[in-house]
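Have a look at start.cif below; it lists mmCIF, N, CA and C atoms.
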data_coords
loop_
_atom_site.label_atom_id
_atom_site.label_comp_id
_atom_site.auth_asym_id
_atom_site.auth_seq_id
_atom_site.Cartn_x
_atom_site.Cartn_y
_atom_site.Cartn_z
N MET A 1 157.95 125.85 169.97
CA MET A 1 157.21 126.19 168.76
C MET A 1 158.19 126.33 167.61
N ASP A 2 157.77 125.84 166.46
CA ASP A 2 158.58 125.92 165.26
C ASP A 2 157.79 126.66 164.21
N LYS A 3 158.20 127.90 163.90
CA LYS A 3 157.53 128.72 162.90
C LYS A 3 156.04 128.88 163.20
N GLY A 4 155.69 129.11 164.46
CA GLY A 4 154.31 129.33 164.84
C GLY A 4 153.49 128.07 165.02
N LYS A 5 154.10 126.91 164.86
CA LYS A 5 153.38 125.64 165.02
C LYS A 5 153.82 124.98 166.31
N LEU A 6 152.86 124.42 167.01
CA LEU A 6 153.17 123.71 168.25
C LEU A 6 153.54 122.28 167.94
N LYS A 7 154.48 121.76 168.70
CA LYS A 7 154.84 120.36 168.60
C LYS A 7 154.62 119.71 169.94
N ARG A 8 153.97 118.55 169.94
CA ARG A 8 153.80 117.80 171.18
C ARG A 8 155.12 117.18 171.55
N LYS A 9 155.40 117.19 172.85
CA LYS A 9 156.61 116.52 173.29
C LYS A 9 156.37 116.01 174.70
N THR A 10 156.93 114.85 174.97
CA THR A 10 156.80 114.24 176.29
C THR A 10 157.97 114.70 177.14
N ILE A 11 157.67 115.12 178.36
CA ILE A 11 158.73 115.53 179.28
C ILE A 11 158.56 114.79 180.59
N THR A 12 159.63 114.65 181.32
CA THR A 12 159.59 114.05 182.65
C THR A 12 159.54 115.19 183.66
N VAL A 13 158.60 115.11 184.58
CA VAL A 13 158.44 116.16 185.58
C VAL A 13 158.57 115.58 186.98
N ARG A 14 158.85 116.47 187.92
CA ARG A 14 159.00 116.09 189.33
C ARG A 14 158.23 117.08 190.19
N GLN A 15 158.10 116.76 191.44
CA GLN A 15 157.45 117.65 192.39
C GLN A 15 158.15 119.02 192.35
N ASN A 16 157.35 120.08 192.41
CA ASN A 16 157.78 121.48 192.38
C ASN A 16 158.22 121.99 191.00
N ASP A 17 158.11 121.16 189.95
CA ASP A 17 158.41 121.66 188.60
C ASP A 17 157.33 122.64 188.16
N ASP A 18 157.74 123.69 187.50
CA ASP A 18 156.84 124.73 186.99
C ASP A 18 156.59 124.47 185.51
N LEU A 19 155.36 124.06 185.18
CA LEU A 19 155.04 123.72 183.79
C LEU A 19 155.13 124.94 182.87
N PHE A 20 154.86 126.11 183.39
CA PHE A 20 154.99 127.35 182.61
C PHE A 20 156.44 127.50 182.14
N ARG A 21 157.37 127.32 183.04
CA ARG A 21 158.79 127.45 182.69
C ARG A 21 159.21 126.32 181.75
N LEU A 22 158.80 125.08 182.05
CA LEU A 22 159.18 123.93 181.23
C LEU A 22 158.60 124.00 179.82
N SER A 23 157.48 124.70 179.66
CA SER A 23 156.83 124.81 178.35
C SER A 23 157.40 125.95 177.51
N GLY A 24 158.36 126.64 178.06
CA GLY A 24 158.93 127.77 177.33
C GLY A 24 158.10 129.03 177.48
N GLY A 25 157.27 129.08 178.53
CA GLY A 25 156.50 130.28 178.80
C GLY A 25 155.12 130.32 178.17
N ARG A 26 154.55 129.18 177.85
CA ARG A 26 153.18 129.17 177.30
C ARG A 26 152.19 129.57 178.39
N ASP A 27 151.39 130.58 178.12
CA ASP A 27 150.42 131.10 179.10
C ASP A 27 149.47 130.03 179.61
N LEU A 28 149.17 129.06 178.78
CA LEU A 28 148.26 127.97 179.14
C LEU A 28 148.69 127.29 180.43
N TYR A 29 150.00 127.23 180.68
CA TYR A 29 150.54 126.52 181.83
C TYR A 29 150.89 127.43 183.00
N SER A 30 150.53 128.69 182.92
CA SER A 30 150.84 129.63 184.00
C SER A 30 150.17 129.18 185.31
N GLY A 31 150.96 129.08 186.36
CA GLY A 31 150.44 128.69 187.66
C GLY A 31 150.40 127.19 187.90
N TYR A 32 150.81 126.40 186.92
CA TYR A 32 150.82 124.95 187.10
C TYR A 32 152.18 124.50 187.63
N ILE A 33 152.28 124.46 188.96
CA ILE A 33 153.48 123.97 189.64
C ILE A 33 153.09 122.66 190.31
N ILE A 34 153.84 121.62 190.03
CA ILE A 34 153.47 120.28 190.49
C ILE A 34 153.63 120.17 192.01
N ASN A 35 152.53 119.79 192.65
CA ASN A 35 152.52 119.56 194.09
C ASN A 35 152.78 118.08 194.40
N ASP A 36 152.05 117.20 193.70
CA ASP A 36 152.16 115.78 193.99
C ASP A 36 151.91 114.97 192.73
N ILE A 37 152.64 113.88 192.60
CA ILE A 37 152.42 112.91 191.53
C ILE A 37 152.03 111.62 192.24
N TYR A 38 150.77 111.21 192.07
CA TYR A 38 150.23 110.07 192.79
C TYR A 38 150.19 108.88 191.85
N CYS A 39 150.76 107.74 192.27
CA CYS A 39 150.96 106.61 191.36
C CYS A 39 150.29 105.31 191.81
N GLU A 40 149.26 105.37 192.63
CA GLU A 40 148.57 104.15 193.01
C GLU A 40 147.84 103.60 191.79
N GLU A 41 148.03 102.31 191.50
CA GLU A 41 147.45 101.73 190.30
C GLU A 41 145.94 101.95 190.27
N GLY A 42 145.47 102.48 189.15
CA GLY A 42 144.05 102.77 188.99
C GLY A 42 143.65 104.14 189.52
N ASN A 43 144.56 104.84 190.18
CA ASN A 43 144.26 106.15 190.73
C ASN A 43 145.45 107.09 190.53
N GLU A 44 146.01 107.09 189.32
CA GLU A 44 147.17 107.92 189.02
C GLU A 44 146.72 109.33 188.67
N TYR A 45 147.40 110.32 189.24
CA TYR A 45 147.08 111.71 188.92
C TYR A 45 148.23 112.63 189.33
N ILE A 46 148.13 113.88 188.86
CA ILE A 46 149.05 114.95 189.27
C ILE A 46 148.19 116.07 189.80
N ASP A 47 148.58 116.64 190.96
CA ASP A 47 147.89 117.86 191.43
C ASP A 47 148.92 118.98 191.54
N PHE A 48 148.40 120.18 191.66
CA PHE A 48 149.24 121.38 191.54
C PHE A 48 149.11 122.26 192.78
N THR A 49 150.16 123.06 193.04
CA THR A 49 150.18 123.90 194.23
C THR A 49 149.19 125.06 194.16
N SER A 50 149.05 125.66 192.99
CA SER A 50 148.24 126.87 192.90
C SER A 50 147.05 126.74 191.95
N GLN A 51 146.72 125.53 191.56
CA GLN A 51 145.57 125.28 190.70
C GLN A 51 144.71 124.20 191.35
N GLU A 52 143.42 124.32 191.18
CA GLU A 52 142.53 123.30 191.73
C GLU A 52 142.47 122.06 190.84
N ASP A 53 142.99 122.17 189.64
CA ASP A 53 142.95 121.06 188.70
C ASP A 53 143.73 119.86 189.23
N ILE A 54 143.14 118.70 189.10
CA ILE A 54 143.83 117.43 189.32
C ILE A 54 143.77 116.71 187.99
N ILE A 55 144.93 116.37 187.45
CA ILE A 55 144.99 115.78 186.12
C ILE A 55 145.21 114.28 186.24
N PRO A 56 144.17 113.48 185.91
CA PRO A 56 144.33 112.02 185.96
C PRO A 56 145.20 111.52 184.80
N LEU A 57 145.70 110.32 184.95
CA LEU A 57 146.51 109.69 183.92
C LEU A 57 145.76 109.67 182.60
N GLY A 58 146.43 110.07 181.54
CA GLY A 58 145.83 110.06 180.21
C GLY A 58 145.15 111.36 179.82
N GLN A 59 144.95 112.27 180.75
CA GLN A 59 144.33 113.57 180.45
C GLN A 59 145.45 114.58 180.27
N ASN A 60 145.17 115.66 179.53
CA ASN A 60 146.16 116.70 179.38
C ASN A 60 145.56 118.06 179.66
N ILE A 61 146.41 119.05 179.74
CA ILE A 61 145.97 120.42 180.02
C ILE A 61 145.84 121.14 178.69
N GLY A 62 144.65 121.64 178.40
CA GLY A 62 144.45 122.43 177.20
C GLY A 62 144.60 121.67 175.90
N GLY A 63 144.52 120.37 175.96
CA GLY A 63 144.71 119.56 174.77
C GLY A 63 143.46 119.52 173.91
N ILE A 64 143.63 118.96 172.76
CA ILE A 64 142.53 118.81 171.82
C ILE A 64 142.37 117.34 171.52
N ASP A 65 141.15 116.89 171.44
CA ASP A 65 140.84 115.51 171.11
C ASP A 65 141.48 115.16 169.76
N ASP A 66 142.08 113.97 169.66
CA ASP A 66 142.74 113.54 168.42
C ASP A 66 141.79 113.55 167.23
N ASP A 67 140.50 113.23 167.44
CA ASP A 67 139.53 113.26 166.34
C ASP A 67 139.35 114.67 165.81
N VAL A 68 139.38 115.66 166.69
CA VAL A 68 139.25 117.06 166.27
C VAL A 68 140.45 117.44 165.40
N ILE A 69 141.64 117.00 165.80
CA ILE A 69 142.84 117.29 165.02
C ILE A 69 142.75 116.63 163.65
N LYS A 70 142.32 115.37 163.60
CA LYS A 70 142.20 114.66 162.32
C LYS A 70 141.20 115.34 161.40
N ARG A 71 140.06 115.76 161.95
CA ARG A 71 139.05 116.45 161.13
C ARG A 71 139.61 117.75 160.57
N ALA A 72 140.34 118.48 161.41
CA ALA A 72 140.93 119.75 160.95
C ALA A 72 141.96 119.50 159.85
N GLN A 73 142.75 118.44 160.00
CA GLN A 73 143.74 118.12 158.97
C GLN A 73 143.06 117.75 157.66
N ILE A 74 141.99 116.97 157.74
CA ILE A 74 141.26 116.59 156.52
C ILE A 74 140.65 117.82 155.87
N ARG A 75 140.03 118.69 156.69
CA ARG A 75 139.42 119.91 156.17
C ARG A 75 140.47 120.77 155.45
N MET A 76 141.65 120.93 156.08
CA MET A 76 142.70 121.74 155.47
C MET A 76 143.21 121.09 154.17
N THR A 77 143.32 119.77 154.16
CA THR A 77 143.77 119.07 152.96
C THR A 77 142.78 119.27 151.81
N ILE A 78 141.49 119.17 152.12
CA ILE A 78 140.46 119.38 151.10
C ILE A 78 140.50 120.82 150.59
N GLU A 79 140.62 121.78 151.49
CA GLU A 79 140.70 123.19 151.08
C GLU A 79 141.90 123.43 150.17
N GLU A 80 143.06 122.88 150.55
CA GLU A 80 144.26 123.04 149.73
C GLU A 80 144.07 122.39 148.36
N HIS A 81 143.43 121.22 148.36
CA HIS A 81 143.17 120.52 147.09
C HIS A 81 142.25 121.36 146.19
N LEU A 82 141.18 121.91 146.78
CA LEU A 82 140.25 122.73 145.99
C LEU A 82 140.95 123.98 145.44
N GLU A 83 141.77 124.61 146.26
CA GLU A 83 142.51 125.80 145.79
C GLU A 83 143.44 125.43 144.64
N LYS A 84 144.10 124.28 144.75
CA LYS A 84 145.00 123.82 143.68
C LYS A 84 144.20 123.53 142.42
N GLU A 85 143.05 122.86 142.56
CA GLU A 85 142.20 122.58 141.40
C GLU A 85 141.80 123.89 140.70
N LEU A 86 141.45 124.90 141.49
CA LEU A 86 141.06 126.18 140.89
C LEU A 86 142.23 126.83 140.16
N ARG A 87 143.41 126.79 140.79
CA ARG A 87 144.59 127.39 140.14
C ARG A 87 144.93 126.67 138.84
N LEU A 88 144.85 125.34 138.86
CA LEU A 88 145.21 124.56 137.68
C LEU A 88 144.15 124.60 136.59
N SER A 89 142.93 124.96 136.94
CA SER A 89 141.85 124.97 135.96
C SER A 89 141.79 126.26 135.14
N VAL A 90 142.60 127.23 135.49
CA VAL A 90 142.60 128.49 134.75
C VAL A 90 143.50 128.34 133.52
N LYS A 91 142.92 128.59 132.33
CA LYS A 91 143.69 128.53 131.09
C LYS A 91 144.54 129.78 130.95
N GLN A 92 145.44 129.76 130.00
CA GLN A 92 146.30 130.92 129.77
C GLN A 92 145.50 132.16 129.39
N ASP A 93 144.34 131.98 128.75
CA ASP A 93 143.54 133.14 128.37
C ASP A 93 142.66 133.66 129.51
N GLY A 94 142.80 133.05 130.71
CA GLY A 94 142.06 133.53 131.87
C GLY A 94 140.75 132.83 132.13
N THR A 95 140.29 132.01 131.18
CA THR A 95 139.04 131.28 131.40
C THR A 95 139.32 130.00 132.16
N ARG A 96 138.29 129.46 132.75
CA ARG A 96 138.44 128.23 133.53
C ARG A 96 137.98 127.03 132.71
N THR A 97 138.65 125.91 132.94
CA THR A 97 138.22 124.66 132.31
C THR A 97 137.11 124.06 133.16
N GLU A 98 136.29 123.22 132.55
CA GLU A 98 135.24 122.53 133.28
C GLU A 98 135.82 121.25 133.88
N GLY A 99 135.18 120.78 134.93
CA GLY A 99 135.58 119.50 135.50
C GLY A 99 136.19 119.67 136.88
N PHE A 100 136.04 118.61 137.63
CA PHE A 100 136.53 118.61 139.00
C PHE A 100 136.79 117.18 139.43
N ASP A 101 137.90 116.92 140.07
CA ASP A 101 138.26 115.56 140.47
C ASP A 101 137.69 115.26 141.85
N ILE A 102 136.47 114.74 141.88
CA ILE A 102 135.81 114.41 143.15
C ILE A 102 136.35 113.11 143.75
N ASN A 103 136.97 112.25 142.94
CA ASN A 103 137.48 110.97 143.44
C ASN A 103 138.52 111.17 144.54
N THR A 104 139.38 112.17 144.40
CA THR A 104 140.40 112.43 145.41
C THR A 104 139.75 112.78 146.74
N LEU A 105 138.71 113.61 146.70
CA LEU A 105 138.03 113.99 147.94
C LEU A 105 137.34 112.80 148.57
N THR A 106 136.75 111.93 147.77
CA THR A 106 136.08 110.74 148.30
C THR A 106 137.08 109.83 148.99
N VAL A 107 138.23 109.63 148.39
CA VAL A 107 139.26 108.77 149.00
C VAL A 107 139.73 109.38 150.31
N MET A 108 139.99 110.69 150.34
CA MET A 108 140.45 111.35 151.57
C MET A 108 139.40 111.23 152.66
N ALA A 109 138.14 111.41 152.33
CA ALA A 109 137.08 111.33 153.33
C ALA A 109 136.95 109.92 153.89
N ASN A 110 137.13 108.91 153.04
CA ASN A 110 137.02 107.52 153.49
C ASN A 110 138.21 107.09 154.32
N GLU A 111 139.34 107.77 154.22
CA GLU A 111 140.53 107.42 155.00
C GLU A 111 140.46 107.94 156.42
N SER A 112 139.56 108.81 156.74
CA SER A 112 139.49 109.38 158.08
C SER A 112 138.88 108.43 159.06
#

Show me, as structure tokens, the structure contained in the file I just sent.
Amino acid sequence: MDKGKLKRKTITVRQNDDLFRLSGGRDLYSGYIINDIYCEEGNEYIDFTSQEDIIPLGQNIGGIDDDVIKRAQIRMTIEEHLEKELRLSVKQDGTRTEGFDINTLTVMANES
């Protein structure tokens, strides 16, 4: 973690590796010790010694769908933009100017 933010990273694991330890102690991975890595084409998976979970190729533990991440990023960008617009619209005498740049929001929404 960097300043409270998680970073995705690819690691190489082997039988008996403890994902809790390899993750730097993230509770999400507590009890995930690799029992077997199965590599038959079309039936790839990892199973664990103390968890019933079997993780097929391409699936992750506790992950979030990429579309959910993109929507959250767009939402945060729009919120930041609106806050900036409000800050910039305040005149020196404390009153607000009229107007709002909706074109920026339309472009951001169409890029998703």

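Atom N of Lys70 of chain A is positioned 29.6 Å from atom CA of Ile33 of chain A.
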
- Task: Mind giving me the straight-line distance from atom CA of Gln59 of chain A to atom CA of Leu28 of chain A in Å, one decimal?
- Result: 15.0 Å

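For the structure in this document, the set picked by the PyMOL selection byres ((chain A and resi 41-45) around 6.5) is Asp36, Ile37, Tyr38, Cys39, Glu40, Ile46, Asp47, Ile54, Ile55, Pro56 and Leu57 of chain A.
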
- Given the file above and the PyMOL selection byres ((chain A and resi 15) around 6), which residues are selected, and can you give them as a PyMOL selection string? chain A and resi 13-14+16-17+34-36

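The coordinates place atom CA of Gln51 of chain A at 16.7 Å from atom CA of Ser23 of chain A.
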